[in-house]
Structures are given as structure tokens and as C-alpha cells.
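Structure first, commentary second.
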Amino acid sequence: MARIINKDTVVCMSLSARPGNFGTRFQNYLFEKLDLNYLYKAFTTKNLKDAIYGIRALSIRGCAISMPFKQACIEFIDELDPSAESIHAVNTIVNSDGYLKAYNTDYIAVQNLIKQNNIDNSTPFVLKGSGGMANAVIGAFYDAGFKNGVVAARNQERGAQLAERYGYQWVSDESEVAPSKAELIINVTPIGMAHGIEADDLAFPEAMIKQAEIVFDVVAIPVMTPMLKYATQLGKKIISGADVAAIQAVEQFVLYTGIRPSEDLVQEAAEFARAG
């Protein structure tokens, strides 16, 4: 039997330049399984200020924030949780009686994945990207004790600022990095994302993927990006954006509802979300 939406239904949402189905399917699956009177819907906008103010005005309980709004939304928020303040990037807004507090569950997810994969913090890495998600990823690695890092970003202003903030090196192109400094490579750009103009491209050159020991792609859809497929063929250890998406999404669910689902239910929700 379908859930009935009524005047008491609590609404959550997402804002992204290119809305996907993962969060919508993930959150609504858990709402239904746990019999919660909640509804989640994805949106895009060309007026970020009014969209954020609408969260407050319409009593939207929570909002997931994706590219390219993770930093731009900060000026419209009442308070930043330490998870967002330290990296100056937001991926979750929680509305408590009109008071908007922002978090970054991407940061939390990457911290968890570093631990789960037992990545030694002496491992030198190259991170490609300089946007809001790059801030979350590099902040998590820095706080985990990684000292030897390189930020590869064509946008010199953002890339250099991001690298300088954490004491890492900045380069405009990843090909400038010596192989010995790229044992771990991390893509935090849209390269390889389904339906994008670079959907079929490798985020890093073949030579760097061959050299790396660990290949981490933050792109969540598809689960196996061209880079991860190639790395798998080479027998590399991989970490996918789908792993990040599931962990960060459940942390958002907890922030919205105050309920932490079982690991089995989270796994079910993630599999359901990826199938859509």
C-alpha cells in the first residue's frame, strides 16, 4: 500500500545543478521502511538565495546540497557545524523552527572510508578538483594526518588556495606530478559522471592509474566509472563515489529524522537507490 501524503508530512529536499535519483530513492526507501511520514524530492535552481530562504519559509526539514552550491549557499545559513566550517563547504542543511544549520556529511563519509580501507596516512596522494566536494575530501584526509598531498586544479585561484590552506602542493595539471607522489589518486571532478560531456573519459591519465596503488573516484553515478573500471582491470584497490554517497546519505537521514537505521537496512536502501 502506498504511503499517503498529508498536511503533516515532513518534507526534505535536495538542490543540485544536475539532480539525480540516488538521494531521492535512498531517503524515501528508508522513510517507507521505517513508516515515517516524510517525503524527499530533488530540485535544481537558478536562484539559490530564494531557494535557501524557501527552506525556512516553507518549513522544509532538511536539504542536501550538491554541486555547484556547496560554498555559495553559506552566506544564507544561520550556523555552520564544525564539519562544514572547517572546510568551508556545505552538503546538508537542517531547519529547526526556522533556524538553518549546515553540516558536511561528505567529510564524515570520507573520514569513515579512510578508516574502513586502512589507508596509511603516510601515503602520498594527488587530488584532482577544487570545488566544494574537493574541500570536504581534502579536509578529511588532512585531519586524518595525511601530510604529503598535491592538489591538481586548472582553476589556479581556487586550487592554490585549497592547497595552501592545508599545506599541500598545487599544480595546474596532474601530469606534472612525479609518479612517486601519486600512490593514491582521487578524482573530485565530474569527469566520468553519467550523462556528462566527459562521461566516457578517464579522470587521470592511464600512466598514473597504472602507477597508483589506490584509486578513489568520488563520482557516484555510475558506480563503476571509466577510471574505476580501468583500475579494477589492473588489480588496483578502488574506492567508489557510491561508497561515499551511501555513508553521507545515511548521516543526512539521521540529521533529518533523529533515527539511525540498521546497517542491513542502509545496505538495502543503497542497493535500491543505485538501481534507479
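In the C-alpha cells, chains take the letters A, B, ... in the order shown, each chain's residues start at 1, and ligands count up from 1 in the order shown.
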
Query raised in the report: Quick one: DSSP strand (DSSP E) residues in region 76-227 of chain A, as a PyMOL selection string?
Result: chain A and resi 79-80+92-96+99-103+125-128+149-152+169-171+184-187+214-217

Within 6 Å of region 123-134 of chain A, which residues of region 145-254 of chain A come that close, and what is the closest atom pair and distance in Å for each? Count only C-alpha atoms and give it as JSON lines.
```
{"residue": "A:Asn148", "atom": "CA", "partner": "A:Pro124", "partner_atom": "CA", "distance": 4.8}
{"residue": "A:Gly149", "atom": "CA", "partner": "A:Phe125", "partner_atom": "CA", "distance": 4.9}
{"residue": "A:Val150", "atom": "CA", "partner": "A:Val126", "partner_atom": "CA", "distance": 4.7}
{"residue": "A:Val151", "atom": "CA", "partner": "A:Leu127", "partner_atom": "CA", "distance": 5.0}
{"residue": "A:Ala152", "atom": "CA", "partner": "A:Lys128", "partner_atom": "CA", "distance": 4.7}
{"residue": "A:Ala153", "atom": "CA", "partner": "A:Gly129", "partner_atom": "CA", "distance": 5.2}
{"residue": "A:Arg158", "atom": "CA", "partner": "A:Ser130", "partner_atom": "CA", "distance": 6.0}
{"residue": "A:Gly159", "atom": "CA", "partner": "A:Ser130", "partner_atom": "CA", "distance": 5.2}
{"residue": "A:Lys181", "atom": "CA", "partner": "A:Pro124", "partner_atom": "CA", "distance": 5.1}
{"residue": "A:Ala182", "atom": "CA", "partner": "A:Phe125", "partner_atom": "CA", "distance": 5.0}
{"residue": "A:Glu183", "atom": "CA", "partner": "A:Pro124", "partner_atom": "CA", "distance": 5.8}
{"residue": "A:Leu184", "atom": "CA", "partner": "A:Phe125", "partner_atom": "CA", "distance": 4.5}
{"residue": "A:Ile185", "atom": "CA", "partner": "A:Val126", "partner_atom": "CA", "distance": 4.9}
{"residue": "A:Ile186", "atom": "CA", "partner": "A:Leu127", "partner_atom": "CA", "distance": 4.7}
{"residue": "A:Asn187", "atom": "CA", "partner": "A:Lys128", "partner_atom": "CA", "distance": 5.1}
{"residue": "A:Val188", "atom": "CA", "partner": "A:Gly129", "partner_atom": "CA", "distance": 5.1}
{"residue": "A:Thr189", "atom": "CA", "partner": "A:Gly129", "partner_atom": "CA", "distance": 5.3}
```

Output for the residues just chosen: C-alpha atoms as an mmCIF file, in the first residue's frame:
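Writing done, so here's result21.cif:
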```cif
data_model
loop_
_atom_site.group_PDB
_atom_site.id
_atom_site.type_symbol
_atom_site.label_atom_id
_atom_site.label_comp_id
_atom_site.auth_asym_id
_atom_site.auth_seq_id
_atom_site.Cartn_x
_atom_site.Cartn_y
_atom_site.Cartn_z
ATOM 1 C CA ASN A 148 52.062 14.528 1.534
ATOM 2 C CA GLY A 149 49.377 15.772 -0.844
ATOM 3 C CA VAL A 150 49.048 17.507 -4.183
ATOM 4 C CA VAL A 151 46.003 19.409 -5.460
ATOM 5 C CA ALA A 152 45.683 19.311 -9.258
ATOM 6 C CA ALA A 153 43.290 22.008 -10.446
ATOM 7 C CA ARG A 158 40.745 28.012 -6.078
ATOM 8 C CA GLY A 159 43.286 25.238 -6.471
ATOM 9 C CA LYS A 181 53.798 11.194 -5.218
ATOM 10 C CA ALA A 182 50.710 9.516 -6.656
ATOM 11 C CA GLU A 183 50.297 6.260 -4.747
ATOM 12 C CA LEU A 184 46.708 7.351 -4.064
ATOM 13 C CA ILE A 185 44.799 9.255 -6.742
ATOM 14 C CA ILE A 186 41.452 10.905 -6.023
ATOM 15 C CA ASN A 187 39.042 12.302 -8.605
ATOM 16 C CA VAL A 188 36.740 15.019 -7.298
ATOM 17 C CA THR A 189 35.616 16.376 -10.660
#
```

**Report entry** Nearest residue to Tyr99 (chain A) from the set A:Ile191, A:Ala57, A:Ile87, A:Ala249 (distances using only C-alpha atoms)
**Finding:** A:Ala57

Query raised in the report: So, counting only C-alpha atoms, which residue among A:Met13, A:Leu30, A:Thr44, A:Glu75 is closest to Leu58 (chain A)?
Result: A:Met13

Query raised in the report: Restricting the calculation to only C-alpha atoms, which member of A:Gly23, A:Pro82, A:Gly145, A:Gly62 is positioned closest to Gly258 (chain A)?
Result: A:Gly62

Report task. As a list in words, list the residues of region 16-45 of chain A assigned to helix (DSSP H, G or I) by DSSP on the backbone atoms of this structure. Result -> Phe22, Gly23, Thr24, Arg25, Phe26, Gln27, Asn28, Tyr29, Leu30, Phe31, Glu32 and Lys33 of chain A

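The space separating CA of Asp120 (chain A) from CA of Gln211 (chain A) comes to 17.2 Å.
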
Query - Contact residues around Gln27 (chain A) with only C-alpha atoms at 12 Å, ignoring same-chain residues under 2 positions, as a PyMOL selection string - result: chain A and resi 11-14+21-25+29-34+36-42+62-64+245-246+248-257+261+265-266+268-270+272-273

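Note that the spacing between CA of Tyr168 (chain A) and CA of Ala203 (chain A) amounts to 20.4 Å.
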
Requested in this report: Could you give me, as a PyMOL selection string, the residues within 7 Å of region 103-111 of chain A, counting only C-alpha atoms and dropping anything in the same chain fewer than 2 positions from it?
Outcome: chain A and resi 80-81+83-84+89-93+101+113-115+136-137+140+244+247-248+251-252
